[in-house]
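> This is the structure I have questions about; it appears just below.
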Amino acid sequence: MTTKKRIIIIGAGFAGLRLAQDLENTDYDVLLIDRNNYHQFQPLMYQVATARLEPASISFPLRKVFQHSKNVRIRIAEVQKVETEQQIVQTSIGAFEYDHLVIAFGCTTNYFGNPSIEKFAFPMKSVPEAIQLRNQILQTFEDTLIASADDLPALLNFVVVGGGPTGVELAGALAEMKKNILPKDYPDKDFSKLTIYLLEGSPAILGPMSPDSQKMSRIYLEQLGVIVKTDTIVSQYDGTNVQLQSGAIIPSKNVIWAAGIIGNTLNGLPESTITRGNRYVVNRKSNIIGLNNIYALGDVAYMETPKYPKGHPQVASVAIEQAKILANNFKSLLKGRTLIDYEYHDKGSMATIGKRKAVVDLPKFSFQGRLAWLTWMFIHLMLILSVKNKLSIFVNWMFSYFNNDSTLRVLLKPAVKK
């Protein structure tokens, strides 16, 4: 029987994975539970959806990451419930006891309580969803070849809802696909009427970024032919027509929803621990308020600090830094050292719009254009886990840069047993 303290980490996103890595080969027994057997690199998900990268390039098998670990175990399961009194996590494959529980399972797509949008719009929060969207995009191009004049407008309108980095990057990628790929793939079809809309409910796209970056990103998108509409809210979508709050209608069979996220919640935790956006209220040491040995990290954690009185931005850098601090505190617990509080040190934010077009905000200044684009590529390559995947992505990017093309436009539909 092990005498080590048991830490269960739910979720292998940026926070959960980093925490498990930092606790490797320590005097803790660590169990990492996720519904998938891989970590997915969400910032490049849109490139899978637009057939620029293979799904495997941004997916990292968890068992490969921890091949040489002596104390980290992996279980693939759906977490159903936590029993806080008994310190047990109930999952689809059985029950597991813990001494410390860390919730790091992130967020899901927020449809703001609109069932019609949830039913018909395409989300992009996971690798399977990105593959589904890629199939939809590629199938749409095929369908346009045989569509009637009445059906054509809905096929030729792509509507991206949400002007954050995901929406901006996806709209730019679709615009480049229209410009560089479709004329070569479909020489017998005129795609000049294909229109990409980017709809944002607030007054500017890339809301948290600097005014200069907001302005330049909009200019870049409009140069690529994207129709950017701010202060525009989608009220309904029936699979064929997008109805705006203003009353205007955009015919479209391709609505991609990137308008917001909402936290996943875990059965068994008191509702009093949850605040807006379904985030768990935590203290500066990532403890969920009122639950001494249960913690929350990343997108699903809401932590107020002097610098961030309304909580931290839901970005990967926050999740990774929170995981580092919690790992250090767990190590300090074993040695009786003082625990430290977390404070986020903003290193900046960025978004790419297309070839040689990107915006970067650093704490003291911002810049745009070619240098920003190179910076964006370098930072994202460095964040990729394995050398093999770094090389694969780099080769794909270089091929795309010089050829304005990719070789990954493959329709992979799930097989159906008859």
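Residues are named by chain letter and number: chains run A, B, ... in the order of the structure tokens, numbers start at 1 in each chain, and ligands are numbered from 1 in the order shown.
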Do a neighbour search on A:Ser252 at 8 Å with only C-alpha atoms, toss out local chain neighbours closer than 5 positions, and write the hits as an MDAnalysis selection string.
chainID A and resid 153:159 239:242
> At a cut-off of 9 Å, using only C-alpha atoms, what residues contact A:Ala204? Leave out same-chain residues fewer than 5 positions from it and give the result as a PyMOL selection string.
chain A and resi 163+211+214-215+218+229-231
> Near A:Thr305, counting only C-alpha atoms, which residues have an atom at most 9 Å away, once you skip same-chain residues fewer than 2 positions from it, shown as a list of chain:residue names?
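Skipping anything fewer than 2 positions along the chain leaves A:Asn283, A:Arg284, A:Met303, A:Lys307, A:Tyr308, A:Pro309, A:Lys310, A:Gly311, A:His312, A:Tyr342, A:Glu343, A:Tyr344.
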> Selected residues, N, CA and C atoms, written as a short mmCIF file (atom, residue, chain, number, x, y, z; two decimals), in the first residue's frame, please.

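Result file out_10.cif:
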data_model
loop_
_atom_site.label_atom_id
_atom_site.label_comp_id
_atom_site.auth_asym_id
_atom_site.auth_seq_id
_atom_site.Cartn_x
_atom_site.Cartn_y
_atom_site.Cartn_z
N ASN A 283 -8.78 31.02 -4.10
CA ASN A 283 -7.93 32.01 -3.47
C ASN A 283 -6.60 32.10 -4.21
N ARG A 284 -5.67 32.86 -3.64
CA ARG A 284 -4.40 33.10 -4.35
C ARG A 284 -3.53 31.85 -4.46
N MET A 303 -9.95 33.84 -9.99
CA MET A 303 -9.11 34.32 -8.89
C MET A 303 -8.98 35.83 -8.96
N LYS A 307 -3.97 43.09 -8.98
CA LYS A 307 -3.78 43.49 -10.38
C LYS A 307 -4.96 43.09 -11.26
N TYR A 308 -5.66 42.04 -10.84
CA TYR A 308 -6.79 41.53 -11.64
C TYR A 308 -8.02 41.35 -10.74
N PRO A 309 -8.65 42.47 -10.35
CA PRO A 309 -9.79 42.39 -9.41
C PRO A 309 -11.01 41.72 -10.00
N LYS A 310 -11.05 41.56 -11.33
CA LYS A 310 -12.20 40.88 -11.96
C LYS A 310 -11.81 39.52 -12.54
N GLY A 311 -10.75 38.96 -12.02
CA GLY A 311 -10.30 37.65 -12.50
C GLY A 311 -9.33 37.78 -13.65
N HIS A 312 -8.63 36.68 -13.92
CA HIS A 312 -7.60 36.68 -14.96
C HIS A 312 -8.19 36.34 -16.32
N TYR A 342 -0.26 33.42 -5.95
CA TYR A 342 -0.11 33.58 -7.40
C TYR A 342 -0.42 35.02 -7.82
N GLU A 343 0.37 35.52 -8.73
CA GLU A 343 0.05 36.77 -9.42
C GLU A 343 0.49 36.64 -10.87
N TYR A 344 -0.40 37.02 -11.77
CA TYR A 344 -0.12 36.87 -13.20
C TYR A 344 0.73 38.03 -13.70
#
> Can you pull out every residue within 6 Å of stretch 173-186 of chain A, counting only C-alpha atoms, but drop anything in the same chain fewer than 3 positions away, and send it as a short mmCIF file (atom, residue, chain, number, x, y, z; two decimals) with C-alpha atoms, in the first residue's frame?

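So the final result, stored in part_31.cif, reads:
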data_model
loop_
_atom_site.label_atom_id
_atom_site.label_comp_id
_atom_site.auth_asym_id
_atom_site.auth_seq_id
_atom_site.Cartn_x
_atom_site.Cartn_y
_atom_site.Cartn_z
CA LEU A 170 -10.15 31.55 -38.69
CA LYS A 189 -15.87 27.08 -60.65
CA LEU A 224 -8.25 39.97 -47.46
CA ASN A 404 0.40 29.23 -51.00
#
> With a distance cut-off of 8 Å and only C-alpha atoms, select the neighbouring residues of A:Lys4, excluding the residue or stretch itself and same-chain residues fewer than 5 positions from it, and output the selection as a list in words.
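Surrounding residues, per the criterion: Asp27, Tyr28 and Asp29 of chain A.
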> Got time to write the residues from that selection, N, CA, C and O atoms, as a CSV table (one decimal), in the first residue's frame?

chain,number,residue,atom,x,y,z
A,27,ASP,N,7.4,13.1,-4.5
A,27,ASP,CA,6.9,12.1,-3.5
A,27,ASP,C,5.4,12.2,-3.5
A,27,ASP,O,4.8,12.0,-2.4
A,28,TYR,N,4.8,12.4,-4.6
A,28,TYR,CA,3.3,12.4,-4.7
A,28,TYR,C,2.9,11.2,-5.7
A,28,TYR,O,3.7,11.0,-6.6
A,29,ASP,N,1.8,10.6,-5.4
A,29,ASP,CA,1.2,9.7,-6.4
A,29,ASP,C,0.2,10.5,-7.2
A,29,ASP,O,-0.8,10.9,-6.7
> Would you give me, as an MDAnalysis selection string, the residues in stretch 33-199 of chain A that DSSP reads as alpha helix (DSSP H)?
chainID A and resid 45:49 62:65 115:120 127:144 152:156 165:176 182:185
> If you take only C-alpha atoms and a cut-off of 10 Å, which residues of stretch 206-288 of chain A touch stretch 363-387 of chain A, and what are their nearest atom pairs and distances in Å to one decimal, in chain and number order, as a Markdown table?

| residue | atom | partner | partner_atom | distance |
| --- | --- | --- | --- | --- |
| A:Met209 | CA | A:Ser366 | CA | 9.3 |
| A:Ser210 | CA | A:Ser366 | CA | 7.4 |
| A:Pro211 | CA | A:Ser366 | CA | 9.6 |
| A:Asp212 | CA | A:Ser366 | CA | 7.6 |
| A:Ser213 | CA | A:Gln368 | CA | 7.0 |
| A:Met216 | CA | A:Gln368 | CA | 7.3 |
| A:Ser217 | CA | A:Gln368 | CA | 8.5 |
| A:Tyr220 | CA | A:Gly369 | CA | 9.1 |
> I want to know what sits within 12 Å of A:Lys64, based on only C-alpha atoms, with residues of the same chain fewer than 3 positions away left out; could you give that as a PyMOL selection string?
chain A and resi 37-39+59-61+67-69+72-74+385-386
> Go ahead and dump the residues you just picked, C-alpha atoms, as a short mmCIF file (atom, residue, chain, number, x, y, z; two decimals), in the first residue's frame.

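Output saved as out-v7.cif:
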data_model
loop_
_atom_site.label_atom_id
_atom_site.label_comp_id
_atom_site.auth_asym_id
_atom_site.auth_seq_id
_atom_site.Cartn_x
_atom_site.Cartn_y
_atom_site.Cartn_z
CA ASN A 37 -5.66 10.06 -24.41
CA TYR A 38 -3.97 13.20 -25.77
CA HIS A 39 -3.30 16.84 -25.00
CA SER A 59 -2.18 16.40 -30.49
CA PHE A 60 0.24 14.81 -28.03
CA PRO A 61 -0.40 11.30 -26.59
CA GLN A 67 6.73 7.40 -20.59
CA HIS A 68 9.60 7.85 -18.14
CA SER A 69 7.58 8.97 -15.14
CA VAL A 72 2.27 9.84 -12.85
CA ARG A 73 -0.48 7.49 -14.01
CA ILE A 74 -2.98 8.14 -16.82
CA LEU A 385 5.51 19.84 -26.93
CA SER A 386 7.56 17.50 -29.10
#
> Which one is closest to A:Asn267: A:Ala15, A:Leu32, A:Val82, A:Leu333? Count only C-alpha atoms.
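The closest residue to A:Asn267 is A:Val82.
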> Residues of stretch 175-282 of chain A that have any atom at most 10 Å from an atom of stretch 125-130 of chain A: could you tabulate them with the shortest-distance atom pair and the distance in Å to one decimal, using only C-alpha atoms, ordered by chain and increasing number, as a tab-separated table?

residue	atom	partner	partner_atom	distance
A:Trp257	CA	A:Lys125	CA	9.8
A:Ala258	CA	A:Lys125	CA	8.7
A:Ile261	CA	A:Lys125	CA	9.2
